[in-house]
Amino acid sequence: MSIEKEEFQEKLLSWYKSGHRILPWRDDPTAYHVWISEIMLQQTRVEAVKPYYKRFMDALPTVYDLKEIPDEKLLKLWEGLGYYSRARNLKKAACKIVEEYDGKIPDTYEELISLPGIGDYTAGAILSIAYQKPYPALDGNVFRVLTRVFANPVDILSTQGKKEIRDLLLSILPTSDNSSFTQALMELGAVVCIPSGEPHCHECPLKHMCIAHQNHQELLYPVKSAKKKRKIETRYVFLITCNHKVLLRKRPETGLLANFYEFPNELVEETTDVMDEILKPFSIHPKKIEELRSCKHIFTHIEWHMIGYHIEVEKETDGIWATLEELEHIYPLPNAFIKYKQVLENILGKSTK
Ligand code: SF4
């Protein structure tokens with residue numbers, strides 16, 4: 001079965017134009033809006049991104065505002081979205097755009113790809129959605145739709161597989177309205193040819209030409225080689241409180257979760273004795289120690305299995321002691337500790353009664 005390029009474009013576009021989700025970044029798809037939204041949408045669900053996008057645009061409506069924002073305020077705006085290097089790269093790229101491109105987001109692939117945090121996918125999304133240029137933008141949704149429609153068994157995690165699907169997409173790009181075409185493919189993958197479970201083929205505008213569907217083999221695609229297992233780390237996390245405040249620590253300027261604040265936490269070695277060894281560096285004298293529930297946080301390559309302790313102390317030692325109010329508005333706390341922040345709210349809520 002061969003697939004007609006014009007038929008593919010026409011069916012996809014008329015389906016998209018007959019109704020799609022209302023997304024705030026689609027109202028006015030400027031290069032700035034597309035760039036910020038696409039970076040936020042990496043590894044994050046659309047519904048979760050919406051309030052962050054609004055808050056971000058209210059605070060930083062232009063690339064000039066993004067260039068000027070202090071790092072801590074930027075992390076606070078991003079708090080909860082995770083993958084914080086994305087936020088840092090946004091600011092670095094904004095500096096370059098203002099200094100080298102007079103504040104205009106470039107409209108060539110080579111210039112875009114040279115900006116921090118912008119890879120092949122984001123460059124393609126900006127060029128096609130904002131600038132209407134015929135560039136491929138391949139996210140997970142688009143890979144899924146294309147490998148199914150063409151029943152292409154390449155491993156999409158391999159360089160060769162990615163290139164093959166990219167070439168395939170290039171061969172079916174329209175000569176006009178690339179903005180709608182790119183968004184339509186992404187939309188189809190998000191709401192019809194869905195990432196988990198059975199795709200909704202009966203609603204799909206491409207069902208008559210989709211080879212995987214014709215062969216009842218939708219779930220065989222896309223093919224992905226097995227991923228490497230994540231490393232697991234067990235950590236003790238300490239909510240050390242005194243006078244309705246909690247002790248915080250600032251993370252180093254580089255590495256995982258750089259520059260964030262955190263609840264003191266330590267890696268558990270097999271030989272570690274919690275109270276004797278781990279608490280020593282904090283020079284604290286516990287009045288009460290209570291074990292809390294365990295929590296898990298998954299990063300890209302590592303998993304933290306956390307065992308929490310609440311430790312109440314007599315008096316404040318050196319360090320940053322924050323009230324709940326300050327924790328909410330001043331100190332950016334990474335996602336990994338959000339569950340313990342909720343536990344803390346219960347503890348300090350109770351202790352003020
Ligand atoms: S027919 Fe089914 S498998 Fe094929 S693209 Fe549409 S939803 Fe996906």
# chains A, B, ... in the order shown; residues from 1 in each chain; ligands from 1
$ residues_near_ligand --ligand "ligand 1" --cutoff "12 Å" --atoms "only C-alpha atoms and all ligand atoms" --output "ChimeraX atom specification"
/A:8,11-12,15,141-152,185-222
$ write_last_selection --atoms "N, CA and C atoms" --output "compact mmCIF listing (two decimals), in the first residue's frame"
# COMPACT_ATOMS: atom_id res chain seq x y z
N PHE A 8 -2.53 12.56 2.54
CA PHE A 8 -2.10 12.59 3.94
C PHE A 8 -2.25 14.02 4.48
N LYS A 11 -6.10 15.22 4.60
CA LYS A 11 -6.92 14.60 5.65
C LYS A 11 -6.50 15.09 7.03
N LEU A 12 -5.19 15.19 7.21
CA LEU A 12 -4.68 15.61 8.52
C LEU A 12 -5.09 17.07 8.80
N TRP A 15 -8.85 17.57 9.39
CA TRP A 15 -9.21 17.07 10.74
C TRP A 15 -8.81 18.10 11.80
N ASN A 141 5.15 12.09 19.99
CA ASN A 141 3.84 11.92 19.36
C ASN A 141 3.97 11.73 17.85
N VAL A 142 4.84 12.54 17.26
CA VAL A 142 4.99 12.48 15.80
C VAL A 142 5.69 11.17 15.39
N PHE A 143 6.69 10.76 16.16
CA PHE A 143 7.33 9.47 15.88
C PHE A 143 6.29 8.35 15.87
N ARG A 144 5.40 8.39 16.87
CA ARG A 144 4.41 7.31 16.99
C ARG A 144 3.49 7.28 15.78
N VAL A 145 2.95 8.45 15.42
CA VAL A 145 2.02 8.49 14.28
C VAL A 145 2.71 8.01 13.01
N LEU A 146 3.90 8.52 12.74
CA LEU A 146 4.55 8.19 11.46
C LEU A 146 4.98 6.73 11.39
N THR A 147 5.53 6.21 12.50
CA THR A 147 5.96 4.80 12.41
C THR A 147 4.74 3.89 12.25
N ARG A 148 3.60 4.30 12.79
CA ARG A 148 2.40 3.47 12.62
C ARG A 148 1.81 3.61 11.22
N VAL A 149 1.65 4.84 10.77
CA VAL A 149 1.04 5.03 9.44
C VAL A 149 1.87 4.29 8.38
N PHE A 150 3.20 4.38 8.50
CA PHE A 150 4.06 3.77 7.48
C PHE A 150 4.54 2.37 7.90
N ALA A 151 4.07 1.90 9.05
CA ALA A 151 4.50 0.59 9.59
C ALA A 151 6.01 0.45 9.47
N ASN A 152 6.71 1.46 9.99
CA ASN A 152 8.17 1.46 9.86
C ASN A 152 8.80 0.89 11.13
N LEU A 185 0.01 17.15 13.40
CA LEU A 185 0.65 15.85 13.65
C LEU A 185 0.84 15.63 15.15
N MET A 186 1.29 16.71 15.83
CA MET A 186 1.50 16.59 17.29
C MET A 186 0.17 16.31 17.98
N GLU A 187 -0.87 17.01 17.53
CA GLU A 187 -2.19 16.87 18.15
C GLU A 187 -2.74 15.45 17.94
N LEU A 188 -2.56 14.94 16.73
CA LEU A 188 -3.07 13.59 16.45
C LEU A 188 -2.40 12.57 17.37
N GLY A 189 -1.09 12.72 17.54
CA GLY A 189 -0.36 11.81 18.42
C GLY A 189 -0.76 11.97 19.88
N ALA A 190 -1.16 13.18 20.27
CA ALA A 190 -1.50 13.41 21.67
C ALA A 190 -2.91 12.93 22.02
N VAL A 191 -3.86 13.08 21.09
CA VAL A 191 -5.25 12.79 21.48
C VAL A 191 -5.88 11.60 20.78
N VAL A 192 -5.34 11.16 19.65
CA VAL A 192 -5.95 10.02 18.93
C VAL A 192 -4.99 8.82 18.89
N CYS A 193 -3.80 9.05 18.40
CA CYS A 193 -2.81 7.96 18.33
C CYS A 193 -1.99 8.03 19.62
N ILE A 194 -2.67 7.74 20.71
CA ILE A 194 -2.17 8.08 22.05
C ILE A 194 -0.95 7.24 22.50
N PRO A 195 -0.19 7.78 23.45
CA PRO A 195 1.05 7.11 23.85
C PRO A 195 0.84 5.82 24.64
N SER A 196 -0.22 5.73 25.46
CA SER A 196 -0.38 4.46 26.17
C SER A 196 -1.77 3.88 25.89
N GLY A 197 -1.79 2.60 25.72
CA GLY A 197 -3.05 1.92 25.45
C GLY A 197 -3.40 1.97 23.97
N GLU A 198 -4.60 1.44 23.67
CA GLU A 198 -5.05 1.33 22.28
C GLU A 198 -5.26 2.71 21.67
N PRO A 199 -4.76 2.95 20.47
CA PRO A 199 -5.07 4.22 19.79
C PRO A 199 -6.54 4.27 19.38
N HIS A 200 -7.07 5.49 19.25
CA HIS A 200 -8.49 5.64 18.87
C HIS A 200 -8.60 5.68 17.35
N CYS A 201 -8.33 4.55 16.72
CA CYS A 201 -8.25 4.52 15.26
C CYS A 201 -9.57 4.90 14.59
N HIS A 202 -10.70 4.57 15.24
CA HIS A 202 -11.99 4.88 14.60
C HIS A 202 -12.18 6.40 14.42
N GLU A 203 -11.45 7.22 15.24
CA GLU A 203 -11.58 8.68 15.11
C GLU A 203 -10.48 9.27 14.23
N CYS A 204 -9.62 8.44 13.70
CA CYS A 204 -8.40 8.96 13.07
C CYS A 204 -8.61 9.30 11.59
N PRO A 205 -8.19 10.50 11.19
CA PRO A 205 -8.36 10.88 9.78
C PRO A 205 -7.45 10.08 8.84
N LEU A 206 -6.46 9.39 9.40
CA LEU A 206 -5.51 8.66 8.55
C LEU A 206 -5.78 7.16 8.52
N LYS A 207 -6.91 6.75 9.12
CA LYS A 207 -7.11 5.30 9.31
C LYS A 207 -7.12 4.52 7.98
N HIS A 208 -7.59 5.16 6.90
CA HIS A 208 -7.67 4.41 5.64
C HIS A 208 -6.30 4.21 4.99
N MET A 209 -5.32 5.00 5.43
CA MET A 209 -4.00 4.82 4.82
C MET A 209 -2.97 4.29 5.82
N CYS A 210 -3.38 4.09 7.07
CA CYS A 210 -2.43 3.68 8.10
C CYS A 210 -2.15 2.18 7.97
N ILE A 211 -0.93 1.84 7.65
CA ILE A 211 -0.60 0.43 7.39
C ILE A 211 -0.69 -0.40 8.67
N ALA A 212 -0.21 0.17 9.77
CA ALA A 212 -0.27 -0.59 11.03
C ALA A 212 -1.73 -0.90 11.38
N HIS A 213 -2.61 0.06 11.16
CA HIS A 213 -4.03 -0.15 11.46
C HIS A 213 -4.63 -1.21 10.54
N GLN A 214 -4.32 -1.10 9.25
CA GLN A 214 -4.86 -2.08 8.29
C GLN A 214 -4.44 -3.50 8.69
N ASN A 215 -3.24 -3.61 9.24
CA ASN A 215 -2.72 -4.94 9.61
C ASN A 215 -2.99 -5.31 11.08
N HIS A 216 -3.77 -4.48 11.77
CA HIS A 216 -4.06 -4.69 13.20
C HIS A 216 -2.77 -4.82 14.01
N GLN A 217 -1.80 -3.99 13.66
CA GLN A 217 -0.50 -4.08 14.35
C GLN A 217 -0.10 -2.74 14.95
N GLU A 218 -1.10 -1.95 15.33
CA GLU A 218 -0.81 -0.60 15.84
C GLU A 218 0.20 -0.62 16.98
N LEU A 219 0.04 -1.58 17.90
CA LEU A 219 0.86 -1.54 19.12
C LEU A 219 2.28 -2.07 18.91
N LEU A 220 2.55 -2.55 17.69
CA LEU A 220 3.93 -3.00 17.42
C LEU A 220 4.86 -1.81 17.17
N TYR A 221 4.25 -0.61 16.97
CA TYR A 221 5.05 0.58 16.64
C TYR A 221 4.81 1.66 17.68
N PRO A 222 5.76 2.54 17.94
CA PRO A 222 7.13 2.53 17.43
C PRO A 222 7.99 1.49 18.15
$ closest_atom_pairs --of "stretch 246-327 of chain A" --to "stretch 74-95 of chain A" --cutoff "10 Å" --atoms "only C-alpha atoms" --output "CSV"
residue,atom,partner,partner_atom,distance
A:Gly255,CA,A:Ser85,CA,9.6
A:Leu256,CA,A:Ser85,CA,8.9
A:Leu257,CA,A:Tyr84,CA,6.8
A:Ala258,CA,A:Tyr84,CA,8.3
A:Asn259,CA,A:Leu75,CA,8.7
A:Phe260,CA,A:Leu75,CA,7.7
A:Phe299,CA,A:Tyr83,CA,8.2
A:Thr300,CA,A:Tyr83,CA,8.7
$ residues_around --residues "A:Val268" --least-positions-apart "5" --cutoff "8 Å" --atoms "only C-alpha atoms" --output "PDB file with N, CA and C atoms, in the first residue's frame"
ATOM      1  N   GLU A 233      19.372   5.326  44.322  1.00  0.00           N
ATOM      2  CA  GLU A 233      20.086   5.833  45.506  1.00  0.00           C
ATOM      3  C   GLU A 233      19.098   5.935  46.664  1.00  0.00           C
ATOM      4  N   THR A 234      19.495   5.452  47.830  1.00  0.00           N
ATOM      5  CA  THR A 234      18.646   5.634  49.008  1.00  0.00           C
ATOM      6  C   THR A 234      19.195   6.807  49.801  1.00  0.00           C
ATOM      7  N   ARG A 235      18.300   7.719  50.187  1.00  0.00           N
ATOM      8  CA  ARG A 235      18.739   8.922  50.915  1.00  0.00           C
ATOM      9  C   ARG A 235      17.893   9.129  52.148  1.00  0.00           C
ATOM     10  N   TYR A 236      18.516   9.626  53.194  1.00  0.00           N
ATOM     11  CA  TYR A 236      17.771  10.114  54.344  1.00  0.00           C
ATOM     12  C   TYR A 236      17.487  11.592  54.102  1.00  0.00           C
TER      13      TYR A 236
END
$ residues_around --residues "A:Arg166" --least-positions-apart "3" --cutoff "12 Å" --atoms "only C-alpha atoms" --output "NGL selection string"
:A and (120-121 or 124 or 135-139 or 142-143 or 146-147 or 154 or 156 or 159-163 or 169-173)
$ write_last_selection --atoms "C-alpha atoms" --output "mmCIF file, in the first residue's frame"
data_model
loop_
_atom_site.group_PDB
_atom_site.id
_atom_site.type_symbol
_atom_site.label_atom_id
_atom_site.label_comp_id
_atom_site.auth_asym_id
_atom_site.auth_seq_id
_atom_site.Cartn_x
_atom_site.Cartn_y
_atom_site.Cartn_z
ATOM 1 C CA ASP A 120 16.782 19.589 16.607
ATOM 2 C CA TYR A 121 13.162 19.201 17.766
ATOM 3 C CA GLY A 124 12.038 22.488 13.975
ATOM 4 C CA TYR A 135 11.240 21.952 8.837
ATOM 5 C CA PRO A 136 10.496 18.665 10.558
ATOM 6 C CA ALA A 137 9.664 18.745 14.287
ATOM 7 C CA LEU A 138 9.755 15.223 15.639
ATOM 8 C CA ASP A 139 8.537 14.671 19.175
ATOM 9 C CA VAL A 142 4.990 12.483 15.798
ATOM 10 C CA PHE A 143 7.331 9.472 15.876
ATOM 11 C CA LEU A 146 4.551 8.191 11.462
ATOM 12 C CA THR A 147 5.959 4.800 12.410
ATOM 13 C CA VAL A 154 13.172 1.177 12.780
ATOM 14 C CA ILE A 156 13.447 5.215 17.025
ATOM 15 C CA THR A 159 20.509 7.558 15.312
ATOM 16 C CA GLN A 160 19.754 5.719 12.096
ATOM 17 C CA GLY A 161 16.078 5.233 13.077
ATOM 18 C CA LYS A 162 15.668 8.899 13.975
ATOM 19 C CA LYS A 163 17.201 9.931 10.669
ATOM 20 C CA LEU A 169 8.574 13.469 7.540
ATOM 21 C CA LEU A 170 10.579 15.780 5.250
ATOM 22 C CA SER A 171 9.159 13.954 2.271
ATOM 23 C CA ILE A 172 5.544 14.653 3.295
ATOM 24 C CA LEU A 173 5.841 18.278 4.500
#
$ residues_around --residues "A:Val49" --least-positions-apart "6" --cutoff "8 Å" --atoms "only C-alpha atoms" --output "VMD selection string"
chain A and resid 37 40 to 41 81
$ closest_residue --among "A:Glu72, A:Glu47, A:Glu326, A:Glu100" --to "A:Ile22" --atoms "only C-alpha atoms"
A:Glu47
$ select_by_dssp --residues "stretch 108-242 of chain A" --states "helix (DSSP H, G or I)" --output "ChimeraX atom specification"
/A:109-113,120-130,140-149,159-172,178-191,201-203,211-214,218-220
$ closest_residue --among "A:Thr30, A:Ser225, A:Ser158, A:Ser128" --to "A:Phe181" --atoms "only C-alpha atoms"
A:Ser128
